[in-house]
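Chemist: My file is coords-v4.cif. It has mmCIF, N, CA and C atoms:
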data_target
loop_
_atom_site.label_atom_id
_atom_site.label_comp_id
_atom_site.auth_asym_id
_atom_site.auth_seq_id
_atom_site.Cartn_x
_atom_site.Cartn_y
_atom_site.Cartn_z
N MET I 175 0.83 -1.19 0.00
CA MET I 175 0.00 0.00 0.00
C MET I 175 0.88 1.26 0.00
N ARG I 176 1.89 1.24 0.82
CA ARG I 176 2.79 2.40 0.90
C ARG I 176 3.48 2.64 -0.44
N LEU I 177 3.89 1.59 -1.13
CA LEU I 177 4.56 1.70 -2.42
C LEU I 177 3.65 2.36 -3.46
N ALA I 178 2.39 1.98 -3.45
CA ALA I 178 1.44 2.58 -4.39
C ALA I 178 1.28 4.08 -4.12
N PHE I 179 1.25 4.46 -2.85
CA PHE I 179 1.13 5.87 -2.49
C PHE I 179 2.35 6.66 -2.97
N VAL I 180 3.52 6.10 -2.75
CA VAL I 180 4.76 6.75 -3.17
C VAL I 180 4.79 6.89 -4.69
N ALA I 181 4.38 5.85 -5.38
CA ALA I 181 4.37 5.89 -6.85
C ALA I 181 3.42 6.98 -7.35
N ARG I 182 2.22 7.08 -6.75
CA ARG I 182 1.27 8.13 -7.15
C ARG I 182 1.82 9.51 -6.83
N ALA I 183 2.47 9.64 -5.69
CA ALA I 183 3.03 10.93 -5.31
C ALA I 183 4.14 11.34 -6.27
N LEU I 184 4.99 10.40 -6.62
CA LEU I 184 6.05 10.71 -7.58
C LEU I 184 5.50 11.06 -8.94
N HIS I 185 4.47 10.34 -9.38
CA HIS I 185 3.85 10.65 -10.67
C HIS I 185 3.24 12.04 -10.64
N ALA I 186 2.53 12.36 -9.58
CA ALA I 186 1.92 13.69 -9.46
C ALA I 186 2.99 14.77 -9.44
N ARG I 187 4.07 14.51 -8.74
CA ARG I 187 5.16 15.49 -8.66
C ARG I 187 5.80 15.69 -10.03
N THR I 188 6.01 14.60 -10.75
CA THR I 188 6.60 14.69 -12.08
C THR I 188 5.70 15.48 -13.01
N CYS I 189 4.41 15.19 -12.97
CA CYS I 189 3.46 15.90 -13.83
C CYS I 189 3.38 17.38 -13.47
N THR I 190 3.46 17.67 -12.18
CA THR I 190 3.38 19.06 -11.74
C THR I 190 4.57 19.87 -12.24
N PHE I 191 5.75 19.29 -12.19
CA PHE I 191 6.94 20.03 -12.55
C PHE I 191 7.35 19.86 -14.00
N ALA I 192 6.59 19.09 -14.76
CA ALA I 192 6.94 18.87 -16.16
C ALA I 192 6.73 20.12 -17.00
N ARG I 193 5.83 21.00 -16.58
CA ARG I 193 5.60 22.22 -17.33
C ARG I 193 6.75 23.18 -17.14
N ARG I 194 7.11 23.80 -18.21
CA ARG I 194 8.18 24.79 -18.16
C ARG I 194 7.56 26.18 -18.14
N PRO I 195 8.25 27.14 -17.56
CA PRO I 195 7.70 28.49 -17.53
C PRO I 195 7.63 29.08 -18.94
N ASN I 196 6.74 30.02 -19.10
CA ASN I 196 6.59 30.70 -20.39
C ASN I 196 7.80 31.62 -20.59
N LEU I 197 8.56 31.35 -21.63
CA LEU I 197 9.79 32.11 -21.88
C LEU I 197 9.64 33.08 -23.05
N GLN I 198 8.41 33.50 -23.34
CA GLN I 198 8.17 34.37 -24.48
C GLN I 198 8.89 35.71 -24.37
N SER I 199 9.20 36.14 -23.18
CA SER I 199 9.83 37.44 -23.01
C SER I 199 11.35 37.38 -23.22
N ARG I 200 11.89 36.21 -23.48
CA ARG I 200 13.33 36.09 -23.66
C ARG I 200 13.78 36.79 -24.93
N SER I 201 15.00 37.22 -24.93
CA SER I 201 15.56 37.94 -26.07
C SER I 201 15.72 37.05 -27.30
N LYS I 202 15.64 35.74 -27.14
CA LYS I 202 15.82 34.83 -28.27
C LYS I 202 14.50 34.54 -28.98
N LYS I 203 13.45 35.30 -28.68
CA LYS I 203 12.13 35.02 -29.25
C LYS I 203 12.17 34.94 -30.77
N SER I 204 12.85 35.87 -31.43
CA SER I 204 12.91 35.85 -32.89
C SER I 204 13.70 34.65 -33.39
N PHE I 205 14.68 34.20 -32.63
CA PHE I 205 15.44 33.02 -33.00
C PHE I 205 14.53 31.81 -33.11
N TRP I 206 13.61 31.67 -32.16
CA TRP I 206 12.72 30.51 -32.15
C TRP I 206 11.70 30.57 -33.28
N LYS I 207 11.29 31.76 -33.66
CA LYS I 207 10.32 31.87 -34.74
C LYS I 207 10.86 31.28 -36.04
N ALA I 208 12.16 31.35 -36.22
CA ALA I 208 12.78 30.85 -37.44
C ALA I 208 12.97 29.33 -37.41
N ARG I 209 12.71 28.69 -36.30
CA ARG I 209 12.93 27.26 -36.14
C ARG I 209 11.61 26.50 -36.25
N ALA I 210 11.46 25.74 -37.31
CA ALA I 210 10.25 24.93 -37.47
C ALA I 210 10.26 23.82 -36.43
N GLY I 211 9.15 23.65 -35.75
CA GLY I 211 9.00 22.55 -34.80
C GLY I 211 9.71 22.78 -33.48
N SER I 212 10.23 23.95 -33.23
CA SER I 212 10.91 24.17 -31.96
C SER I 212 9.98 24.93 -31.02
N ASP I 213 10.27 24.83 -29.77
CA ASP I 213 9.45 25.44 -28.75
C ASP I 213 10.35 26.26 -27.83
N PRO I 214 10.11 27.56 -27.72
CA PRO I 214 10.98 28.38 -26.87
C PRO I 214 10.97 27.94 -25.42
N ALA I 215 9.93 27.23 -25.00
CA ALA I 215 9.89 26.76 -23.62
C ALA I 215 10.96 25.71 -23.36
N ASP I 216 11.42 25.02 -24.40
CA ASP I 216 12.48 24.03 -24.24
C ASP I 216 13.83 24.69 -24.01
N GLY I 217 14.01 25.90 -24.49
CA GLY I 217 15.29 26.59 -24.36
C GLY I 217 16.23 26.29 -25.50
N PHE I 218 15.77 25.56 -26.52
CA PHE I 218 16.61 25.26 -27.67
C PHE I 218 15.73 24.95 -28.88
N GLY I 219 16.35 25.09 -30.06
CA GLY I 219 15.65 24.80 -31.30
C GLY I 219 16.00 23.42 -31.81
N GLU I 220 15.43 23.05 -32.94
CA GLU I 220 15.74 21.76 -33.56
C GLU I 220 15.97 21.96 -35.05
N THR I 221 16.78 21.09 -35.62
CA THR I 221 17.04 21.11 -37.05
C THR I 221 17.25 19.69 -37.52
N THR I 222 17.31 19.51 -38.82
CA THR I 222 17.55 18.20 -39.39
C THR I 222 19.00 18.10 -39.86
N VAL I 223 19.43 16.89 -40.14
CA VAL I 223 20.80 16.72 -40.65
C VAL I 223 20.93 17.35 -42.04
N GLN I 224 19.84 17.36 -42.80
CA GLN I 224 19.87 17.98 -44.13
C GLN I 224 20.09 19.48 -44.02
N ASP I 225 19.42 20.12 -43.08
CA ASP I 225 19.61 21.57 -42.88
C ASP I 225 21.03 21.87 -42.39
N LEU I 226 21.54 21.03 -41.50
CA LEU I 226 22.90 21.22 -41.00
C LEU I 226 23.91 21.06 -42.14
N GLN I 227 23.72 20.03 -42.97
CA GLN I 227 24.61 19.82 -44.12
C GLN I 227 24.55 21.01 -45.07
N ALA I 228 23.36 21.56 -45.28
CA ALA I 228 23.22 22.72 -46.18
C ALA I 228 24.02 23.91 -45.65
N LYS I 229 23.99 24.12 -44.35
CA LYS I 229 24.76 25.22 -43.75
C LYS I 229 26.25 24.99 -43.90
N ILE I 230 26.68 23.75 -43.65
CA ILE I 230 28.10 23.43 -43.78
C ILE I 230 28.51 23.56 -45.25
N GLY I 231 27.68 23.04 -46.15
CA GLY I 231 27.98 23.11 -47.57
C GLY I 231 28.03 24.53 -48.11
N ALA I 232 27.25 25.42 -47.51
CA ALA I 232 27.22 26.82 -47.94
C ALA I 232 28.38 27.61 -47.36
N GLY I 233 29.20 26.95 -46.55
CA GLY I 233 30.37 27.62 -45.98
C GLY I 233 30.07 28.46 -44.76
N GLN I 234 28.90 28.28 -44.17
CA GLN I 234 28.57 29.03 -42.95
C GLN I 234 29.46 28.55 -41.81
N ASP I 235 29.74 29.45 -40.90
CA ASP I 235 30.55 29.13 -39.72
C ASP I 235 29.66 28.39 -38.73
N VAL I 236 29.70 27.06 -38.79
CA VAL I 236 28.80 26.23 -38.00
C VAL I 236 29.55 25.60 -36.83
N VAL I 237 28.96 25.66 -35.65
CA VAL I 237 29.52 25.02 -34.47
C VAL I 237 28.72 23.73 -34.24
N VAL I 238 29.43 22.60 -34.21
CA VAL I 238 28.79 21.31 -33.96
C VAL I 238 29.46 20.67 -32.76
N VAL I 239 28.66 20.31 -31.76
CA VAL I 239 29.15 19.64 -30.57
C VAL I 239 28.55 18.24 -30.56
N ASP I 240 29.41 17.24 -30.57
CA ASP I 240 29.01 15.84 -30.57
C ASP I 240 29.08 15.33 -29.14
N VAL I 241 27.94 14.89 -28.58
CA VAL I 241 27.88 14.50 -27.17
C VAL I 241 27.98 12.99 -26.98
N ARG I 242 28.42 12.27 -28.01
CA ARG I 242 28.62 10.83 -27.86
C ARG I 242 29.92 10.56 -27.11
N GLU I 243 30.09 9.32 -26.71
CA GLU I 243 31.32 8.93 -26.02
C GLU I 243 32.49 8.98 -27.00
N PRO I 244 33.71 9.18 -26.52
CA PRO I 244 34.87 9.27 -27.41
C PRO I 244 35.03 8.07 -28.36
N SER I 245 34.71 6.87 -27.88
CA SER I 245 34.84 5.69 -28.74
C SER I 245 33.87 5.75 -29.92
N GLU I 246 32.67 6.30 -29.72
CA GLU I 246 31.71 6.47 -30.81
C GLU I 246 32.16 7.58 -31.74
N TYR I 247 32.64 8.66 -31.15
CA TYR I 247 33.09 9.83 -31.91
C TYR I 247 34.20 9.47 -32.89
N THR I 248 35.16 8.64 -32.45
CA THR I 248 36.29 8.29 -33.31
C THR I 248 35.89 7.37 -34.46
N GLN I 249 34.73 6.73 -34.37
CA GLN I 249 34.25 5.87 -35.45
C GLN I 249 33.68 6.67 -36.62
N GLY I 250 33.43 7.95 -36.41
CA GLY I 250 32.92 8.82 -37.46
C GLY I 250 32.04 9.90 -36.88
N HIS I 251 32.31 11.16 -37.30
CA HIS I 251 31.54 12.29 -36.79
C HIS I 251 31.39 13.35 -37.88
N VAL I 252 30.50 14.28 -37.65
CA VAL I 252 30.28 15.40 -38.57
C VAL I 252 31.60 16.17 -38.68
N PRO I 253 32.00 16.54 -39.89
CA PRO I 253 33.26 17.28 -40.06
C PRO I 253 33.30 18.55 -39.20
N GLY I 254 34.38 18.69 -38.45
CA GLY I 254 34.56 19.87 -37.61
C GLY I 254 33.89 19.80 -36.25
N ALA I 255 33.20 18.70 -35.96
CA ALA I 255 32.50 18.58 -34.67
C ALA I 255 33.50 18.46 -33.53
N THR I 256 33.13 19.03 -32.39
CA THR I 256 33.92 18.93 -31.17
C THR I 256 33.27 17.90 -30.26
N ASN I 257 34.04 17.02 -29.68
CA ASN I 257 33.49 15.98 -28.81
C ASN I 257 33.45 16.45 -27.36
N VAL I 258 32.23 16.53 -26.81
CA VAL I 258 32.02 16.82 -25.40
C VAL I 258 30.99 15.79 -24.93
N PRO I 259 31.41 14.66 -24.35
CA PRO I 259 30.47 13.61 -23.95
C PRO I 259 29.36 14.14 -23.04
N LEU I 260 28.18 13.54 -23.18
CA LEU I 260 27.01 13.99 -22.44
C LEU I 260 27.28 14.14 -20.95
N GLY I 261 27.99 13.20 -20.37
CA GLY I 261 28.26 13.26 -18.93
C GLY I 261 29.12 14.43 -18.49
N THR I 262 29.73 15.13 -19.46
CA THR I 262 30.63 16.24 -19.11
C THR I 262 30.13 17.60 -19.59
N VAL I 263 28.97 17.66 -20.26
CA VAL I 263 28.56 18.94 -20.85
C VAL I 263 28.28 20.02 -19.81
N VAL I 264 27.68 19.66 -18.69
CA VAL I 264 27.38 20.67 -17.67
C VAL I 264 28.68 21.21 -17.07
N ASP I 265 29.62 20.31 -16.76
CA ASP I 265 30.91 20.76 -16.23
C ASP I 265 31.65 21.62 -17.25
N ALA I 266 31.58 21.22 -18.53
CA ALA I 266 32.24 22.01 -19.58
C ALA I 266 31.63 23.40 -19.67
N ALA I 267 30.32 23.49 -19.52
CA ALA I 267 29.65 24.80 -19.55
C ALA I 267 30.07 25.64 -18.35
N LYS I 268 30.12 25.02 -17.19
CA LYS I 268 30.53 25.74 -15.98
C LYS I 268 31.98 26.20 -16.05
N GLN I 269 32.81 25.46 -16.77
CA GLN I 269 34.22 25.82 -16.92
C GLN I 269 34.42 26.86 -18.02
N GLY I 270 33.35 27.23 -18.71
CA GLY I 270 33.45 28.26 -19.74
C GLY I 270 33.84 27.76 -21.11
N ARG I 271 33.76 26.45 -21.31
CA ARG I 271 34.18 25.88 -22.59
C ARG I 271 33.29 26.33 -23.76
N PHE I 272 32.04 26.71 -23.47
CA PHE I 272 31.12 27.14 -24.51
C PHE I 272 31.06 28.67 -24.66
N ASP I 273 31.82 29.39 -23.87
CA ASP I 273 31.78 30.85 -23.91
C ASP I 273 32.18 31.41 -25.27
N VAL I 274 33.06 30.74 -25.97
CA VAL I 274 33.49 31.23 -27.29
C VAL I 274 32.38 31.15 -28.32
N TYR I 275 31.31 30.39 -28.02
CA TYR I 275 30.19 30.25 -28.94
C TYR I 275 29.00 31.11 -28.57
N ALA I 276 29.16 32.05 -27.68
CA ALA I 276 28.04 32.82 -27.13
C ALA I 276 27.22 33.53 -28.20
N ASP I 277 27.84 33.99 -29.27
CA ASP I 277 27.11 34.73 -30.31
C ASP I 277 26.80 33.87 -31.54
N ARG I 278 26.96 32.56 -31.43
CA ARG I 278 26.73 31.67 -32.56
C ARG I 278 25.76 30.55 -32.19
N GLU I 279 25.17 29.93 -33.20
CA GLU I 279 24.31 28.77 -32.97
C GLU I 279 25.21 27.57 -32.67
N VAL I 280 24.86 26.83 -31.63
CA VAL I 280 25.59 25.63 -31.28
C VAL I 280 24.70 24.43 -31.61
N HIS I 281 25.08 23.66 -32.62
CA HIS I 281 24.33 22.48 -33.03
C HIS I 281 24.83 21.29 -32.23
N VAL I 282 23.93 20.64 -31.51
CA VAL I 282 24.30 19.53 -30.65
C VAL I 282 23.79 18.24 -31.29
N ILE I 283 24.70 17.26 -31.44
CA ILE I 283 24.37 16.02 -32.13
C ILE I 283 24.86 14.83 -31.32
N CYS I 284 24.16 13.69 -31.46
CA CYS I 284 24.60 12.44 -30.84
C CYS I 284 24.42 11.34 -31.88
N GLN I 285 24.10 10.14 -31.47
CA GLN I 285 23.92 9.05 -32.43
C GLN I 285 22.53 9.07 -33.06
N LEU I 286 21.48 9.20 -32.22
CA LEU I 286 20.11 9.15 -32.73
C LEU I 286 19.28 10.39 -32.40
N GLY I 287 19.68 11.15 -31.40
CA GLY I 287 18.94 12.35 -31.03
C GLY I 287 18.53 12.43 -29.57
N GLY I 288 18.59 11.32 -28.86
CA GLY I 288 18.19 11.31 -27.45
C GLY I 288 19.17 12.03 -26.53
N ARG I 289 20.44 11.69 -26.66
CA ARG I 289 21.46 12.32 -25.80
C ARG I 289 21.62 13.79 -26.13
N SER I 290 21.49 14.15 -27.40
CA SER I 290 21.62 15.57 -27.76
C SER I 290 20.46 16.38 -27.19
N THR I 291 19.27 15.79 -27.11
CA THR I 291 18.14 16.47 -26.49
C THR I 291 18.41 16.69 -25.01
N LYS I 292 18.93 15.66 -24.34
CA LYS I 292 19.28 15.80 -22.92
C LYS I 292 20.36 16.87 -22.74
N ALA I 293 21.35 16.86 -23.62
CA ALA I 293 22.43 17.85 -23.53
C ALA I 293 21.90 19.26 -23.74
N CYS I 294 21.03 19.44 -24.73
CA CYS I 294 20.45 20.76 -24.98
C CYS I 294 19.63 21.24 -23.78
N THR I 295 18.88 20.33 -23.18
CA THR I 295 18.08 20.69 -22.00
C THR I 295 19.00 21.14 -20.87
N ALA I 296 20.07 20.40 -20.61
CA ALA I 296 21.00 20.76 -19.54
C ALA I 296 21.74 22.05 -19.87
N LEU I 297 22.18 22.20 -21.12
CA LEU I 297 22.92 23.40 -21.50
C LEU I 297 22.03 24.64 -21.50
N ALA I 298 20.76 24.48 -21.83
CA ALA I 298 19.84 25.62 -21.81
C ALA I 298 19.72 26.20 -20.41
N GLN I 299 19.84 25.34 -19.40
CA GLN I 299 19.80 25.79 -18.00
C GLN I 299 21.08 26.55 -17.65
N GLU I 300 22.21 26.04 -18.11
CA GLU I 300 23.51 26.63 -17.78
C GLU I 300 23.86 27.84 -18.65
N LEU I 301 23.40 27.82 -19.91
CA LEU I 301 23.76 28.86 -20.88
C LEU I 301 22.50 29.46 -21.50
N PRO I 302 21.71 30.19 -20.74
CA PRO I 302 20.42 30.67 -21.25
C PRO I 302 20.52 31.62 -22.45
N ASP I 303 21.66 32.26 -22.66
CA ASP I 303 21.79 33.19 -23.78
C ASP I 303 22.44 32.59 -25.02
N THR I 304 22.83 31.32 -24.94
CA THR I 304 23.43 30.64 -26.09
C THR I 304 22.32 30.02 -26.94
N LYS I 305 22.43 30.17 -28.25
CA LYS I 305 21.44 29.62 -29.18
C LYS I 305 21.78 28.16 -29.44
N LEU I 306 21.06 27.27 -28.79
CA LEU I 306 21.30 25.85 -28.91
C LEU I 306 20.34 25.24 -29.92
N VAL I 307 20.84 24.31 -30.73
CA VAL I 307 20.01 23.65 -31.74
C VAL I 307 20.28 22.15 -31.66
N ASN I 308 19.23 21.38 -31.40
CA ASN I 308 19.33 19.93 -31.37
C ASN I 308 19.22 19.40 -32.80
N VAL I 309 20.13 18.50 -33.18
CA VAL I 309 20.10 17.92 -34.52
C VAL I 309 19.33 16.60 -34.44
N LYS I 310 18.11 16.61 -34.99
CA LYS I 310 17.26 15.43 -34.96
C LYS I 310 17.84 14.33 -35.86
N GLY I 311 17.75 13.10 -35.40
CA GLY I 311 18.24 11.97 -36.19
C GLY I 311 19.68 11.62 -35.93
N GLY I 312 20.47 12.59 -35.49
CA GLY I 312 21.84 12.36 -35.09
C GLY I 312 22.78 11.89 -36.18
N THR I 313 23.92 11.39 -35.73
CA THR I 313 24.96 10.95 -36.64
C THR I 313 24.51 9.75 -37.48
N ALA I 314 23.65 8.91 -36.94
CA ALA I 314 23.15 7.76 -37.70
C ALA I 314 22.42 8.25 -38.95
N GLU I 315 21.56 9.23 -38.81
CA GLU I 315 20.85 9.76 -39.97
C GLU I 315 21.80 10.51 -40.90
N TRP I 316 22.80 11.19 -40.33
CA TRP I 316 23.82 11.88 -41.12
C TRP I 316 24.52 10.89 -42.05
N MET I 317 24.95 9.76 -41.50
CA MET I 317 25.65 8.74 -42.28
C MET I 317 24.70 8.07 -43.28
N GLN I 318 23.47 7.81 -42.85
CA GLN I 318 22.49 7.18 -43.72
C GLN I 318 22.19 8.06 -44.94
N ALA I 319 22.25 9.37 -44.76
CA ALA I 319 22.02 10.30 -45.86
C ALA I 319 23.22 10.36 -46.80
N GLY I 320 24.33 9.74 -46.42
CA GLY I 320 25.51 9.71 -47.26
C GLY I 320 26.41 10.91 -47.14
N PHE I 321 26.23 11.70 -46.08
CA PHE I 321 27.06 12.88 -45.88
C PHE I 321 28.44 12.47 -45.39
N GLN I 322 29.43 13.30 -45.67
CA GLN I 322 30.82 13.04 -45.30
C GLN I 322 30.99 12.99 -43.78
N VAL I 323 31.85 12.09 -43.33
CA VAL I 323 32.21 12.03 -41.91
C VAL I 323 33.72 12.06 -41.78
N GLU I 324 34.17 12.54 -40.63
CA GLU I 324 35.59 12.50 -40.30
C GLU I 324 35.82 11.39 -39.30
N LYS I 325 37.01 10.82 -39.35
CA LYS I 325 37.37 9.78 -38.37
C LYS I 325 38.63 10.16 -37.65
#
As structure tokens, please, write out the structure in this file.
Modeler:
Amino acid sequence: MRLAFVARALHARTCTFARRPNLQSRSKKSFWKARAGSDPADGFGETTVQDLQAKIGAGQDVVVVDVREPSEYTQGHVPGATNVPLGTVVDAAKQGRFDVYADREVHVICQLGGRSTKACTALAQELPDTKLVNVKGGTAEWMQAGFQVEK
């Protein structure tokens, strides 16, 4: 009986805190309007691997952070990506490792999209003024599309 009560209490607590505050007043409001399928309440936008490739192909100065483990990263990654494993992104942000990207979009990628979403959520808390973009589909979709990878 006690376990059922605790489970209901935890579920209620999770549901209560799952809502994020309305961030419409943030200075990045126009940034979010340009992002299809993104929600400013998340604190980050989303893009596809095709859009990321188009930016890289057009010669835009693109920042890509790969949050996979080093062993995955060395097997192949988006050209120019920097490896910051998911378990270290918050510490890296606190140490100022992302400060050089303050005025640029930071595209966060992993293998499939789950870890990069977690990383964007954590980084949005630590770096509220940085324009974070989650790359949906991750490196797996990047490779499946036949785009170039570095090893």
Chemist: Give as a list in words the set of residues within 12 Å of the point (33.2, 5.3, -30.4), where distances use the file's coordinates and only C-alpha atoms.
Modeler: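 Selection result: Asp240, Val241, Arg242, Glu243, Pro244, Ser245, Glu246, Tyr247, Thr248, Gln249, Gly250, His251, Asn257, Pro259, Cys284, Gln285, Thr313 and Lys325 of chain I.
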Chemist: Which is closest to Asp265 of chain I among I:Val236, I:Glu300, I:Pro253, I:Gly288, if we use only C-alpha atoms?
Modeler: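 Between I:Val236, I:Glu300, I:Pro253, I:Gly288, the residue approaching Asp265 of chain I most closely is I:Glu300.
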Chemist: Between I:Ala267, I:Thr256, I:Val280, I:Leu226, which has the minimum distance to Thr304 of chain I (counting only C-alpha atoms)?
Modeler: I:Val280
Chemist: Work out how far apart atom CA of Val309 of chain I and atom CA of Thr291 of chain I are and give it in Å to one decimal.
Modeler: 8.4 Å
Chemist: Run DSSP on the backbone and grab whatever in segment 214-305 of chain I lands in helix (DSSP H, G or I); send it over as a PyMOL selection string.
Modeler: chain I and resi 214-216+223-231+244-247+260-268+273-275+288-300
Chemist: Between atom N of Leu286 of chain I and atom C of Lys268 of chain I, measure the distance and give it in Å to one decimal.
Modeler: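 Taking atom N of Leu286 of chain I as the start and atom C of Lys268 of chain I as the end point, the length is 25.7 Å.
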Chemist: By how many Å are atom CA of Gln234 of chain I and atom C of Gly261 of chain I apart?
Modeler: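 For atom CA of Gln234 of chain I relative to atom C of Gly261 of chain I, the distance reads 28.5 Å.
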Chemist: Got a sec to resolve the PyMOL selection byres (((chain I and resi 299 and name CA) around 12) and name CA) on this structure and send the residues as a PyMOL selection string?
Modeler: chain I and resi 194+215-218+263-264+267-268+292-298+300-306
Chemist: Expand the PyMOL selection byres (((chain I and resi 225 and name CA) around 12) and name CA) into the explicit residue set it covers here, and present it as JSON, numbers by chain.
Modeler: {"I": [209, 210, 220, 221, 222, 223, 224, 226, 227, 228, 229, 230, 231, 232, 234, 236, 281, 307, 308, 309, 310, 311, 316, 319, 321]}
Chemist: Would you list, as a list of chain:residue names, the residues of segment 220-319 of chain I that end up in strand (DSSP E or B) under DSSP run on this structure's backbone?
Modeler: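 DSSP on the backbone gives strand (DSSP E or B) at I:Glu220, I:Thr221, I:Thr222, I:Val237, I:Val238, I:Val239, I:Asp240, I:His251, I:Thr256, I:Asn257, I:Glu279, I:Val280, I:His281, I:Val282, I:Ile283, I:Lys305, I:Leu306, I:Val307, I:Asn308, I:Val309, I:Lys310.
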Chemist: Given only C-alpha atoms as the basis, pick out the residue of I:Glu324, I:Gly254, I:Leu260, I:Asp235 nearest to Gly287 of chain I.
Modeler: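 Of all the options, I:Leu260 lies closest to Gly287 of chain I.
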Chemist: Output: segment 288-294 of chain I of the preceding structure, restricted to all heavy atoms, written as a short mmCIF file (atom, residue, chain, number, x, y, z; two decimals), in the first residue's frame.
Modeler:
data_model
loop_
_atom_site.label_atom_id
_atom_site.label_comp_id
_atom_site.auth_asym_id
_atom_site.auth_seq_id
_atom_site.Cartn_x
_atom_site.Cartn_y
_atom_site.Cartn_z
N GLY I 288 18.59 11.32 -28.86
CA GLY I 288 18.19 11.31 -27.45
C GLY I 288 19.17 12.03 -26.53
O GLY I 288 18.79 12.87 -25.72
N ARG I 289 20.44 11.69 -26.66
CA ARG I 289 21.46 12.32 -25.80
C ARG I 289 21.62 13.79 -26.13
O ARG I 289 21.84 14.61 -25.23
CB ARG I 289 22.80 11.60 -25.94
CG ARG I 289 22.83 10.26 -25.24
CD ARG I 289 24.15 9.57 -25.42
NE ARG I 289 24.18 8.92 -26.73
CZ ARG I 289 25.18 8.18 -27.17
NH1 ARG I 289 26.27 8.02 -26.43
NH2 ARG I 289 25.15 7.61 -28.35
N SER I 290 21.49 14.15 -27.40
CA SER I 290 21.62 15.57 -27.76
C SER I 290 20.46 16.38 -27.19
O SER I 290 20.64 17.53 -26.80
CB SER I 290 21.73 15.75 -29.27
OG SER I 290 20.60 15.23 -29.94
N THR I 291 19.27 15.79 -27.11
CA THR I 291 18.14 16.47 -26.49
C THR I 291 18.41 16.69 -25.01
O THR I 291 18.17 17.78 -24.48
CB THR I 291 16.84 15.66 -26.68
OG1 THR I 291 16.59 15.51 -28.08
CG2 THR I 291 15.65 16.35 -26.03
N LYS I 292 18.93 15.66 -24.34
CA LYS I 292 19.28 15.80 -22.92
C LYS I 292 20.36 16.87 -22.74
O LYS I 292 20.29 17.68 -21.81
CB LYS I 292 19.77 14.48 -22.35
CG LYS I 292 18.69 13.44 -22.20
CD LYS I 292 19.26 12.13 -21.68
CE LYS I 292 18.20 11.07 -21.61
NZ LYS I 292 18.73 9.78 -21.16
N ALA I 293 21.35 16.86 -23.62
CA ALA I 293 22.43 17.85 -23.53
C ALA I 293 21.90 19.26 -23.74
O ALA I 293 22.27 20.18 -23.00
CB ALA I 293 23.52 17.54 -24.55
N CYS I 294 21.03 19.44 -24.73
CA CYS I 294 20.45 20.76 -24.98
C CYS I 294 19.63 21.24 -23.78
O CYS I 294 19.70 22.41 -23.41
CB CYS I 294 19.57 20.74 -26.23
SG CYS I 294 20.49 20.75 -27.77
#
